[in-house]
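Peer 1: Below you will find the structure I want to go over with you.
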Amino acid sequence: MTSPADASPSLASHLRDWFDDLRIAASLLTRVPMPHPEGAVPSGLTRSQRAFPLIGALIGLVVGLVYAALLALHVPVLAAAALALGASAALTGALHEDGLADVGDGFGGGRDRTAKLTIMRDSRLGTYGAVVLVVGFATKLAALAALPPALAIPGLMVAHGVGRAAIPALAAKMPFARADGLGKNAGRPTEANAIVAIVIGAILALLLLPLGTALLALIVAAIAVAAVAFLAWRQIGGVTGDVFGAAEQAAEIAILVLIAARLA
């Protein structure tokens, strides 16, 4: 039988692991400077993916607070929504938006798998990528502006949190299309850690949204992520960091639109 003395160090170790995971996840998903834990190893980088939805929820909280502050200053709703989305891009370095644009360019402009992967690695923005970015931004803008102010913060927290949960879910199951790159370097999380991320995302939705809306939000997010994953498998035979970004954006957009459609 485990004694209280044995259990206490074990609990402290688990809490320390989670704190380390949050720091690593924040350094990966945001531009906030975060010192890596001492003695961090590649397995810690992979394990940290379980904390992605928590960092996503914090990103959504910050964006929501910016939006609420702008509305309190009587900034017009559309302008406030646009500036809040701009704050989101500044906070994250537009990491996932960049992935969405690269996927649009690669899948839209490449003739074969090799060409698609080459285009996706090109830092220049093409026509397909620009169109996808504009459509994605405009959709998020319209959905956010349509939300009642009281629902903006919880809606953004769920959208960003569940969107980030999609990354470890895909990384745990899908083959990697490249032998290198950001997605590959982040590693393949264990199924257990991917499930933890999914459960955290689901709990966020259930705690922050009405039950029916939360369940529908999870369903539409799952459909959006599955669609991106299937398209990536057909187009390039697997996932990359850009595909992770596109999947996150697809889930985020789907959830915001669903919430706006039901509760606006």
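Please note that chains go A, B, ... in the order of the structure tokens, that every chain numbers its residues from 1, and that ligands are numbered from 1 in the order shown.
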I'd like the contact shell of Asp98 in chain A - 12 Å cut-off, only C-alpha atoms, skipping same-chain residues fewer than 6 positions apart - returned as a list in words.

Peer 2: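 In the requested format, the answer is Ala89, Thr92, Gly104, Asp105, Met120, Arg121, Asp122, Ser123, Arg124, Leu125, Gly126, Gly129, Ala130, Val132, Leu133, Gly136, Gly241, Asp242, Val243, Phe244, Gly245, Ala246, Ala247, Glu248 and Gln249 of chain A.
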
Peer 1: Go ahead and save the picked residues with N, CA and C atoms, as a compact mmCIF listing (two decimals), in the first residue's frame.

Peer 2:
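After the write, part-v9.txt holds the following:
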# COMPACT_ATOMS: atom_id res chain seq x y z
N ALA A 89 -3.35 37.01 -33.69
CA ALA A 89 -2.24 36.72 -34.59
C ALA A 89 -0.92 37.21 -34.02
N THR A 92 0.24 34.79 -31.18
CA THR A 92 0.67 33.46 -31.62
C THR A 92 1.67 33.50 -32.77
N GLY A 104 -3.36 25.84 -48.32
CA GLY A 104 -4.13 26.32 -49.46
C GLY A 104 -3.29 26.42 -50.71
N ASP A 105 -2.10 26.99 -50.58
CA ASP A 105 -1.21 27.11 -51.74
C ASP A 105 -0.76 25.74 -52.24
N MET A 120 4.34 24.13 -50.12
CA MET A 120 3.98 24.38 -48.72
C MET A 120 5.17 24.90 -47.92
N ARG A 121 6.38 24.53 -48.32
CA ARG A 121 7.57 24.99 -47.62
C ARG A 121 8.01 26.38 -48.08
N ASP A 122 7.48 26.86 -49.20
CA ASP A 122 7.83 28.18 -49.73
C ASP A 122 7.19 29.25 -48.86
N SER A 123 7.97 30.20 -48.41
CA SER A 123 7.46 31.25 -47.51
C SER A 123 6.59 32.27 -48.23
N ARG A 124 6.63 32.29 -49.55
CA ARG A 124 5.82 33.28 -50.29
C ARG A 124 4.35 32.88 -50.28
N LEU A 125 3.48 33.88 -50.26
CA LEU A 125 2.04 33.65 -50.25
C LEU A 125 1.50 33.68 -51.68
N GLY A 126 0.80 32.63 -52.06
CA GLY A 126 0.21 32.55 -53.39
C GLY A 126 -1.27 32.87 -53.38
N GLY A 129 -3.49 30.47 -51.19
CA GLY A 129 -3.28 30.75 -49.78
C GLY A 129 -3.94 32.05 -49.36
N ALA A 130 -3.84 33.08 -50.20
CA ALA A 130 -4.44 34.37 -49.88
C ALA A 130 -5.96 34.26 -49.78
N VAL A 132 -7.74 31.53 -49.12
CA VAL A 132 -8.10 30.77 -47.93
C VAL A 132 -7.98 31.63 -46.67
N LEU A 133 -6.91 32.42 -46.59
CA LEU A 133 -6.73 33.29 -45.44
C LEU A 133 -7.86 34.32 -45.32
N GLY A 136 -11.08 32.59 -44.29
CA GLY A 136 -11.02 32.20 -42.88
C GLY A 136 -11.15 33.39 -41.95
N GLY A 241 3.43 20.16 -40.15
CA GLY A 241 3.10 21.27 -39.26
C GLY A 241 2.05 22.19 -39.87
N ASP A 242 2.12 22.40 -41.19
CA ASP A 242 1.12 23.23 -41.85
C ASP A 242 -0.27 22.61 -41.77
N VAL A 243 -0.35 21.31 -41.92
CA VAL A 243 -1.64 20.62 -41.82
C VAL A 243 -2.21 20.76 -40.41
N PHE A 244 -1.34 20.67 -39.40
CA PHE A 244 -1.79 20.90 -38.03
C PHE A 244 -2.40 22.29 -37.89
N GLY A 245 -1.74 23.29 -38.47
CA GLY A 245 -2.26 24.65 -38.41
C GLY A 245 -3.59 24.77 -39.11
N ALA A 246 -3.72 24.15 -40.28
CA ALA A 246 -4.98 24.19 -41.02
C ALA A 246 -6.09 23.51 -40.24
N ALA A 247 -5.78 22.38 -39.59
CA ALA A 247 -6.79 21.67 -38.80
C ALA A 247 -7.24 22.51 -37.61
N GLU A 248 -6.28 23.17 -36.95
CA GLU A 248 -6.63 24.03 -35.83
C GLU A 248 -7.55 25.16 -36.28
N GLN A 249 -7.21 25.78 -37.40
CA GLN A 249 -8.03 26.87 -37.91
C GLN A 249 -9.42 26.38 -38.32

Peer 1: Hey, what's within 10 Å of Ala227 in chain A if we count only C-alpha atoms and toss same-chain stuff fewer than 5 positions away? As a list in words, please?

Peer 2: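 Near neighbours after the sequence-gap exclusion: Ala221, Ala222, Ala232, Trp233, Ala247 and Ala250 of chain A.
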
Peer 1: Expressed in Å to a single decimal, how great is the separation between CA of Glu252 in chain A and CA of Arg113 in chain A?

Peer 2: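 Computing it gives 27.0 Å between the two atoms.
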
Peer 1: Work out how far apart CA of Ser88 in chain A and CA of Ala166 in chain A are and give it in Å to one decimal.

Peer 2: 18.3 Å

Peer 1: With a distance cut-off of 10 Å and only C-alpha atoms, select the neighbouring residues of range 195-204 of chain A, excluding the residue or stretch itself and same-chain residues fewer than 3 positions from it, and output the selection as a count of residues only.

Peer 2: 35

Peer 1: Step one, run DSSP on the backbone; step two, keep only residues of range 7-254 of chain A assigned to helix (DSSP H, G or I); then write them as a PyMOL selection string.

Peer 2: chain A and resi 7-29+42-72+77-92+95-109+113-121+127-146+149-173+182-185+191-208+211-236+241-254

Peer 1: I need the residue nearest Leu256 in chain A from this list: A:His74, A:Lys140, A:Arg16, A:Arg47. Use only C-alpha atoms for the distance.

Peer 2: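 Checking each candidate against Leu256 in chain A, we get A:Lys140 as the closest.
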
Peer 1: Would you kindly return, as a PyMOL selection string, each protein, DNA or RNA residue with an atom no farther than 12 Å from any atom of Leu117 in chain A, considering only C-alpha atoms and excluding same-chain residues fewer than 2 positions away?

Peer 2: chain A and resi 102-115+119-122+176-181+232+235-243

Peer 1: Just give me the gap between CA of Ile223 in chain A and CA of Asn193 in chain A in Å, one decimal is fine.

Peer 2: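 Between CA of Ile223 in chain A and CA of Asn193 in chain A the gap works out to 21.0 Å.
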
Peer 1: Residues within 8 Å of range 30-36 of chain A, please, as a VMD selection string. Count only C-alpha atoms; anything in the same chain fewer than 3 positions from it doesn't count.

Peer 2: chain A and resid 20 23 to 24 26 to 27 40 90 to 93

Peer 1: I'd like to know which of A:Phe230, A:Tyr128, A:Phe19, A:Val77 is closest to Ala146 in chain A, using only C-alpha atoms.

Peer 2: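 The shortest atom-to-atom distance to Ala146 in chain A comes from A:Val77.
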
Peer 1: From the set A:Gly187, A:Gly64, A:Pro149, A:Gly155, which residue has the shortest atom-to-atom contact distance to Leu206 in chain A, counting only C-alpha atoms?

Peer 2: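 Of all the options, A:Gly155 lies closest to Leu206 in chain A.
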
Peer 1: Nearest to Gly212 in chain A: which of A:Ala194, A:Val225, A:Leu258, A:Ala171 is it, counting only C-alpha atoms?

Peer 2: A:Leu258
